[in-house]
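Have a look at the structure below, then the notes.
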Amino acid sequence: MIELQMSKIAPRIIFMGTPEYAVPYLEGLIASGLKPEAVISQPDRPVGRKQTIEPTPVKMAALKYGIPVLQPENLRDHEWIEKIHSLKPDVIVVVAFGQIIPKSLLAIPPRGCVNVHPSLLPYHRGPSPLQEAILRGDTNGGVTIMLMDEKVDHGPLLHQASFPIDANETYETLREKTTSCGVPLLTATLRDWLVEKITPQMQDDDEATFSRLLTRDSGKISWELSSDDIERSVRALNPWPGTWTTCKDKRVKILEAYSIPTMISDHERGTLFQTTDKQNQLFIACGIGTLSISRLQLEGKKVLSAKDFIAGHQGLIGSTCV
RNA sequence: CGCGGGGUGGAGAAGUCUGGCAUCUCGCUUGGCUCAUAACCAAGAGAUCGUGGGUUCAAAUCCCACCCCCGCAA
């Protein structure tokens with residue numbers, strides 16, 4: 001029945017997105033018969049060590065499916081607004097586009113701009129909701145499909161789904177969960193929304209919490225903090241911006257670690273040490289408790305397990321990281 | 001030409017500047033000690049030092065070219 005209705009309606013959809021994790025949403029729409037008329041992605045930019053210009057992941061996916069791609073340098077330009085207008089979209093779907101969508105663009109589609117936000121709005125509005133959930137130690141997370149308005153992550157809700165967040169959840173595992181939950185939710189919600197089966201509900205602004213835009217500096221570890229806090233940072237901030245410290249003037253990334261809040265040592269905060277009973281483990285003293293480091297990387301070198309690191313870097317053990 | 005580090009037995013490192021016997025911490029094999037062990041002791045195997053060329057009596061080390069990995073930056 002739904003299929004029949006949809007084919008009559010033949011909705012015109014524009015998809016806006018940029019990074020890798022927006023691709024499954026685009027593919028989900030295509031797979032369920034909601035193939036966009038056009039895709040808008042950020043301009044190609046220099047990327048990687050060689051700074052070669054590469055198309056965005058969403059652009060590459062779109063081209064693979066033969067969907068035309070627009071890459072406006074500035075969305076506010078009248079040219080682009082008119083161009084998008086001329087495509088006569090019924091709805092625009094936005095997944096991690098990476099720029100604020102101007103009001104003039106939000107006003108174009110009659111069914112509005114539908115956004116996927118990886119948190120249970122109004123909690124964790126803003127640019128880093130997944131990281132925020134882990135940093136705060138949330139035990140529950142989810143995905144929200146919402147209508148965009150002129151304030152960021154503020155518009156009315158169309159649908160939400162939730163799931164538990166594990167105690168050892170990392171950014172990457174949480175993102176996988178979010179994607180596998182969010183992709184079907186988006187397509188189902190979009191279908192219902194297009195046939196007017198959903199009544200949008202306003203968010204409770206009083207309950208809103210906000211996540212910050214992460215910067216490179218967000219990943220620098222302060223050993224004054226508790227081992228619990230540092231462990232959460234390690235789980236939340238890898239692979240980007242990454243968590244790191246400096247040991248004997250060398251940058252050391254901490255890729256995986258777990259907190260032992262009850263373990264107390266005499267070492268100065270930030271000191272790398274071993275214990276006689278667990279010789280394959282690498283510890284570091286924190287403000288409160290001790291962090292056990294299981295995977296780490298010295299600048300210019302490969303990622304190592306604690307055991308391999310200990311084998312080759314005896315000289316660093318006993319020194320203090322800052 | 002964005003800046004920089006690296007490739008050495010199975011793992012991780014030192015040695016390279018200043019050319020001269022292949023080193024360290026592990027792992028592995030065998031034997032020993034032990035009620036026992038991830039502990040300890042002893043012996044042993046295992047390497048064309050990323051690839052190709054050059055210099056030299058002699059190259060992991062110096063010179064040239066190439067391949068691969070990574071940190072920063074974006």
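A note on labels: chains of the structure tokens are A, B, ... as shown, every chain counts residues from 1, and ligands are counted from 1 in their shown order.
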
DSSP on the backbone: what in segment 56-220 of chain A comes out alpha helix (DSSP H), as a ChimeraX atom specification?
/A:57-64,78-86,103-106,129-136,171-194

Using only C-alpha atoms (C1' of nucleotides), I'd like every residue of chain B that has an atom within 12 Å of chain A; please write them out as an MDAnalysis selection string.
chainID B and resid 1:7 11:14 24:27 38:39 69:74

Could you dump the residues just selected with N, CA, C and O atoms (P, O5', C5', C4', C3', O3' and C1' of nucleotides) as a short mmCIF file (atom, residue, chain, number, x, y, z; two decimals), in the first residue's frame?
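What ended up in result_14.cif:
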data_model
loop_
_atom_site.label_atom_id
_atom_site.label_comp_id
_atom_site.auth_asym_id
_atom_site.auth_seq_id
_atom_site.Cartn_x
_atom_site.Cartn_y
_atom_site.Cartn_z
P C B 1 57.04 25.45 -2.73
"O5'" C B 1 57.16 24.04 -2.06
"C5'" C B 1 56.53 23.15 -2.05
"C4'" C B 1 56.33 22.16 -3.15
"C3'" C B 1 55.85 20.82 -2.61
"O3'" C B 1 54.48 20.83 -2.32
"C1'" C B 1 57.57 20.45 -4.17
P G B 2 53.98 19.69 -1.27
"O5'" G B 2 54.81 20.09 0.05
"C5'" G B 2 55.40 21.37 0.08
"C4'" G B 2 55.21 22.00 1.44
"C3'" G B 2 55.94 21.29 2.57
"O3'" G B 2 57.31 21.67 2.61
"C1'" G B 2 53.72 21.70 3.24
P C B 3 58.44 20.52 2.90
"O5'" C B 3 58.41 20.44 4.48
"C5'" C B 3 58.73 21.58 5.27
"C4'" C B 3 58.57 21.25 6.74
"C3'" C B 3 59.30 20.00 7.20
"O3'" C B 3 60.68 20.22 7.43
"C1'" C B 3 57.10 19.96 8.02
P G B 4 61.74 19.01 7.09
"O5'" G B 4 61.37 17.85 8.12
"C5'" G B 4 61.71 17.99 9.49
"C4'" G B 4 61.01 16.96 10.32
"C3'" G B 4 61.46 15.51 10.22
"O3'" G B 4 62.69 15.27 10.89
"C1'" G B 4 59.11 15.58 10.34
P G B 5 63.60 13.97 10.48
"O5'" G B 5 62.81 12.79 11.18
"C5'" G B 5 62.78 12.68 12.60
"C4'" G B 5 61.96 11.49 13.02
"C3'" G B 5 62.44 10.14 12.51
"O3'" G B 5 63.50 9.61 13.30
"C1'" G B 5 60.12 10.30 12.15
P G B 6 64.62 8.66 12.59
"O5'" G B 6 63.79 7.38 12.10
"C5'" G B 6 63.35 6.43 13.05
"C4'" G B 6 62.36 5.47 12.45
"C3'" G B 6 62.89 4.40 11.51
"O3'" G B 6 63.52 3.34 12.21
"C1'" G B 6 60.84 5.23 10.69
P G B 7 64.52 2.33 11.40
"O5'" G B 7 63.53 1.43 10.55
"C5'" G B 7 62.62 0.54 11.20
"C4'" G B 7 62.01 -0.38 10.17
"C3'" G B 7 62.99 -1.33 9.50
"O3'" G B 7 62.42 -2.62 9.32
"C1'" G B 7 61.93 0.02 7.86
P A B 11 58.53 -10.01 13.14
"O5'" A B 11 58.03 -9.70 14.62
"C5'" A B 11 56.64 -9.65 14.93
"C4'" A B 11 56.43 -8.99 16.27
"C3'" A B 11 57.14 -7.66 16.44
"O3'" A B 11 56.43 -6.59 15.86
"C1'" A B 11 57.55 -9.00 18.33
P G B 12 57.21 -5.33 15.20
"O5'" G B 12 57.78 -4.60 16.50
"C5'" G B 12 56.86 -4.04 17.44
"C4'" G B 12 57.60 -3.58 18.65
"C3'" G B 12 58.77 -2.63 18.40
"O3'" G B 12 58.31 -1.31 18.20
"C1'" G B 12 59.43 -4.31 19.92
P A B 13 59.30 -0.19 17.52
"O5'" A B 13 60.54 -0.29 18.51
"C5'" A B 13 61.67 0.53 18.32
"C4'" A B 13 62.61 0.27 19.46
"C3'" A B 13 64.05 0.68 19.22
"O3'" A B 13 64.25 2.05 19.51
"C1'" A B 13 64.00 -1.51 20.09
P A B 14 65.26 2.92 18.61
"O5'" A B 14 66.70 2.37 19.00
"C5'" A B 14 67.19 2.61 20.30
"C4'" A B 14 68.52 1.94 20.55
"C3'" A B 14 69.68 2.31 19.64
"O3'" A B 14 70.20 3.59 19.94
"C1'" A B 14 69.74 0.00 20.17
P C B 24 72.94 -9.09 24.14
"O5'" C B 24 71.81 -8.02 24.51
"C5'" C B 24 72.13 -6.95 25.40
"C4'" C B 24 70.92 -6.06 25.56
"C3'" C B 24 69.65 -6.77 26.02
"O3'" C B 24 69.63 -6.93 27.42
"C1'" C B 24 69.16 -5.32 24.21
P U B 25 68.84 -8.17 28.03
"O5'" U B 25 67.31 -7.72 27.86
"C5'" U B 25 66.81 -6.62 28.60
"C4'" U B 25 65.35 -6.40 28.25
"C3'" U B 25 64.49 -7.67 28.27
"O3'" U B 25 64.06 -7.97 29.59
"C1'" U B 25 64.07 -6.46 26.28
P C B 26 63.55 -9.43 29.89
"O5'" C B 26 62.28 -9.57 28.93
"C5'" C B 26 61.95 -10.81 28.35
"C4'" C B 26 60.85 -10.60 27.35
"C3'" C B 26 60.30 -11.87 26.73
"O3'" C B 26 59.33 -12.48 27.56
"C1'" C B 26 60.74 -10.30 25.02
P G B 27 59.27 -14.06 27.67
"O5'" G B 27 58.86 -14.50 26.19
"C5'" G B 27 57.58 -14.18 25.66
"C4'" G B 27 57.49 -14.61 24.22
"C3'" G B 27 57.86 -16.06 23.95
"O3'" G B 27 56.76 -16.93 24.19
"C1'" G B 27 58.98 -14.68 22.41
P A B 38 54.86 -21.44 33.28
"O5'" A B 38 54.76 -19.86 33.33
"C5'" A B 38 54.15 -19.15 32.26
"C4'" A B 38 54.00 -17.70 32.63
"C3'" A B 38 55.07 -17.11 33.55
"O3'" A B 38 56.19 -16.76 32.79
"C1'" A B 38 52.88 -16.27 34.06
P A B 39 57.60 -16.39 33.52
"O5'" A B 39 57.15 -16.20 35.05
"C5'" A B 39 57.23 -14.93 35.66
"C4'" A B 39 58.02 -15.03 36.95
"C3'" A B 39 59.51 -15.36 36.78
"O3'" A B 39 60.26 -14.20 36.56
"C1'" A B 39 58.57 -16.78 38.41
P C B 69 52.01 2.09 2.62
"O5'" C B 69 52.59 2.14 4.10
"C5'" C B 69 52.40 1.05 4.99
"C4'" C B 69 53.00 1.37 6.34
"C3'" C B 69 52.50 2.65 7.00
"O3'" C B 69 51.24 2.49 7.61
"C1'" C B 69 54.85 2.53 7.18
P C B 70 50.26 3.77 7.69
"O5'" C B 70 50.95 4.71 8.77
"C5'" C B 70 51.00 4.32 10.12
"C4'" C B 70 51.92 5.22 10.90
"C3'" C B 70 51.52 6.68 11.02
"O3'" C B 70 50.53 6.87 12.00
"C1'" C B 70 53.83 6.53 10.55
P G B 71 49.66 8.20 12.06
"O5'" G B 71 50.66 9.24 12.74
"C5'" G B 71 50.99 9.13 14.11
"C4'" G B 71 51.84 10.31 14.52
"C3'" G B 71 51.28 11.68 14.17
"O3'" G B 71 50.33 12.14 15.10
"C1'" G B 71 53.52 11.58 13.51
P C B 72 49.17 13.10 14.66
"O5'" C B 72 49.97 14.42 14.25
"C5'" C B 72 50.42 15.33 15.23
"C4'" C B 72 51.24 16.41 14.59
"C3'" C B 72 50.45 17.47 13.84
"O3'" C B 72 49.89 18.45 14.71
"C1'" C B 72 52.31 16.82 12.55
P A B 73 48.43 18.98 14.42
"O5'" A B 73 48.60 19.71 13.00
"C5'" A B 73 49.37 20.89 12.86
"C4'" A B 73 49.56 21.22 11.40
"C3'" A B 73 48.27 21.45 10.62
"O3'" A B 73 47.85 22.80 10.71
"C1'" A B 73 49.63 19.92 9.45
P A B 74 46.29 23.12 10.72
"O5'" A B 74 45.83 22.64 9.28
"C5'" A B 74 45.89 23.53 8.16
"C4'" A B 74 45.36 22.83 6.94
"C3'" A B 74 43.87 22.47 7.00
"O3'" A B 74 43.04 23.55 6.59
"C1'" A B 74 45.12 20.59 6.32
#

Atom-to-atom span, atom CA of Arg295 of chain A and atom CA of Ala257 of chain A, Å:
6.9 Å

DSSP strand (DSSP E) selection over segment 184-298 of chain A, as an MDAnalysis selection string:
chainID A and resid 243:247 250:260 272:273 282:285 290:298

Would you kindly return, as a count of residues only, each protein, DNA or RNA residue with an atom no farther than 9 Å from any atom of Leu121 of chain A, considering only C-alpha atoms (C1' of nucleotides) and excluding same-chain residues fewer than 5 positions away?
13

What is the distance between atom CA of Glu224 of chain A and atom CA of Ser259 of chain A, in Å to one decimal?
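Atom-to-atom, atom CA of Glu224 of chain A to atom CA of Ser259 of chain A, that is 13.9 Å.
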
Contact residues around Leu158 of chain A with only C-alpha atoms (C1' of nucleotides) at 8 Å, ignoring same-chain residues under 6 positions, as a ChimeraX atom specification
/A:144-147,189,193,198-201

Now that the selection is made, can you save its residues with N, CA and C atoms as a compact mmCIF listing (two decimals), in the first residue's frame?
# COMPACT_ATOMS: atom_id res chain seq x y z
N THR A 144 17.84 10.85 16.54
CA THR A 144 16.65 11.67 16.36
C THR A 144 16.51 12.07 14.91
N ILE A 145 15.31 11.96 14.38
CA ILE A 145 15.00 12.52 13.07
C ILE A 145 14.16 13.76 13.34
N MET A 146 14.59 14.89 12.82
CA MET A 146 13.92 16.15 13.17
C MET A 146 13.79 17.07 11.97
N LEU A 147 12.94 18.06 12.11
CA LEU A 147 12.83 19.11 11.10
C LEU A 147 13.73 20.26 11.50
N THR A 189 10.92 7.05 8.73
CA THR A 189 10.36 8.33 9.16
C THR A 189 10.07 9.23 7.97
N TRP A 193 6.60 10.84 7.00
CA TRP A 193 6.52 12.29 6.99
C TRP A 193 6.00 12.81 5.65
N ILE A 198 2.92 11.93 10.30
CA ILE A 198 3.62 12.29 11.53
C ILE A 198 3.28 13.72 11.91
N THR A 199 3.05 13.92 13.20
CA THR A 199 2.86 15.27 13.72
C THR A 199 4.13 15.67 14.46
N PRO A 200 4.82 16.68 13.97
CA PRO A 200 6.06 17.10 14.62
C PRO A 200 5.81 17.58 16.04
N GLN A 201 6.77 17.29 16.92
CA GLN A 201 6.62 17.71 18.31
C GLN A 201 7.77 18.63 18.70

Selected residue of minimal separation from G15 of chain B among B:U34, B:C49, B:U56, B:C62, counting only C-alpha atoms (C1' of nucleotides):
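Checking each candidate against G15 of chain B, we get B:C49 as the closest.
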
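Atom CA of Leu130 of chain A is positioned 12.8 Å from atom CA of Pro164 of chain A.
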
Shell around segment 167-175 of chain A at 7 Å using only C-alpha atoms (C1' of nucleotides), local window under 3 positions removed, as a list in words
Leu130, Gln131, Thr178, Thr179, Arg235, Ala236, Leu237 and Asn238 of chain A

Could you list, as a PyMOL selection string, every residue within 12 Å of C66 of chain B, counting only C-alpha atoms (C1' of nucleotides) and ignoring same-chain residues fewer than 5 positions away?
chain B and resi 50-53

Could you write out that same residue set with N, CA and C atoms (P, O5', C5', C4', C3', O3' and C1' of nucleotides) as a JSON list (two decimals), in the first residue's frame?
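What landed in again.json:
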[["chain", "number", "residue", "atom", "x", "y", "z"],
["B", 50, "G", "P", 67.22, -2.54, 6.29],
["B", 50, "G", "O5'", 65.96, -2.81, 5.35],
["B", 50, "G", "C5'", 65.20, -4.02, 5.46],
["B", 50, "G", "C4'", 64.24, -4.08, 4.31],
["B", 50, "G", "C3'", 64.90, -4.08, 2.94],
["B", 50, "G", "O3'", 65.25, -5.38, 2.52],
["B", 50, "G", "C1'", 63.20, -2.43, 3.01],
["B", 51, "U", "P", 66.55, -5.61, 1.61],
["B", 51, "U", "O5'", 66.08, -5.04, 0.19],
["B", 51, "U", "C5'", 65.03, -5.66, -0.53],
["B", 51, "U", "C4'", 64.85, -4.98, -1.86],
["B", 51, "U", "C3'", 66.15, -4.76, -2.65],
["B", 51, "U", "O3'", 66.55, -5.91, -3.37],
["B", 51, "U", "C1'", 64.89, -2.77, -2.64],
["B", 52, "G", "P", 68.12, -6.12, -3.64],
["B", 52, "G", "O5'", 68.44, -5.01, -4.74],
["B", 52, "G", "C5'", 67.86, -5.10, -6.04],
["B", 52, "G", "C4'", 68.24, -3.91, -6.87],
["B", 52, "G", "C3'", 69.72, -3.58, -6.93],
["B", 52, "G", "O3'", 70.44, -4.41, -7.82],
["B", 52, "G", "C1'", 68.50, -1.59, -6.57],
["B", 53, "G", "P", 72.01, -4.62, -7.57],
["B", 53, "G", "O5'", 72.61, -3.16, -7.77],
["B", 53, "G", "C5'", 73.08, -2.76, -9.06],
["B", 53, "G", "C4'", 73.34, -1.28, -9.10],
["B", 53, "G", "C3'", 74.69, -0.81, -8.55],
["B", 53, "G", "O3'", 75.77, -1.07, -9.43],
["B", 53, "G", "C1'", 73.00, 0.63, -7.76]]

List the neighbours of Leu272 of chain A out to 10 Å using only C-alpha atoms (C1' of nucleotides); skip same-chain residues closer than 5 positions along the sequence, and give me the result as an MDAnalysis selection string.
chainID A and resid 247 267 282:285 291:293 316:321
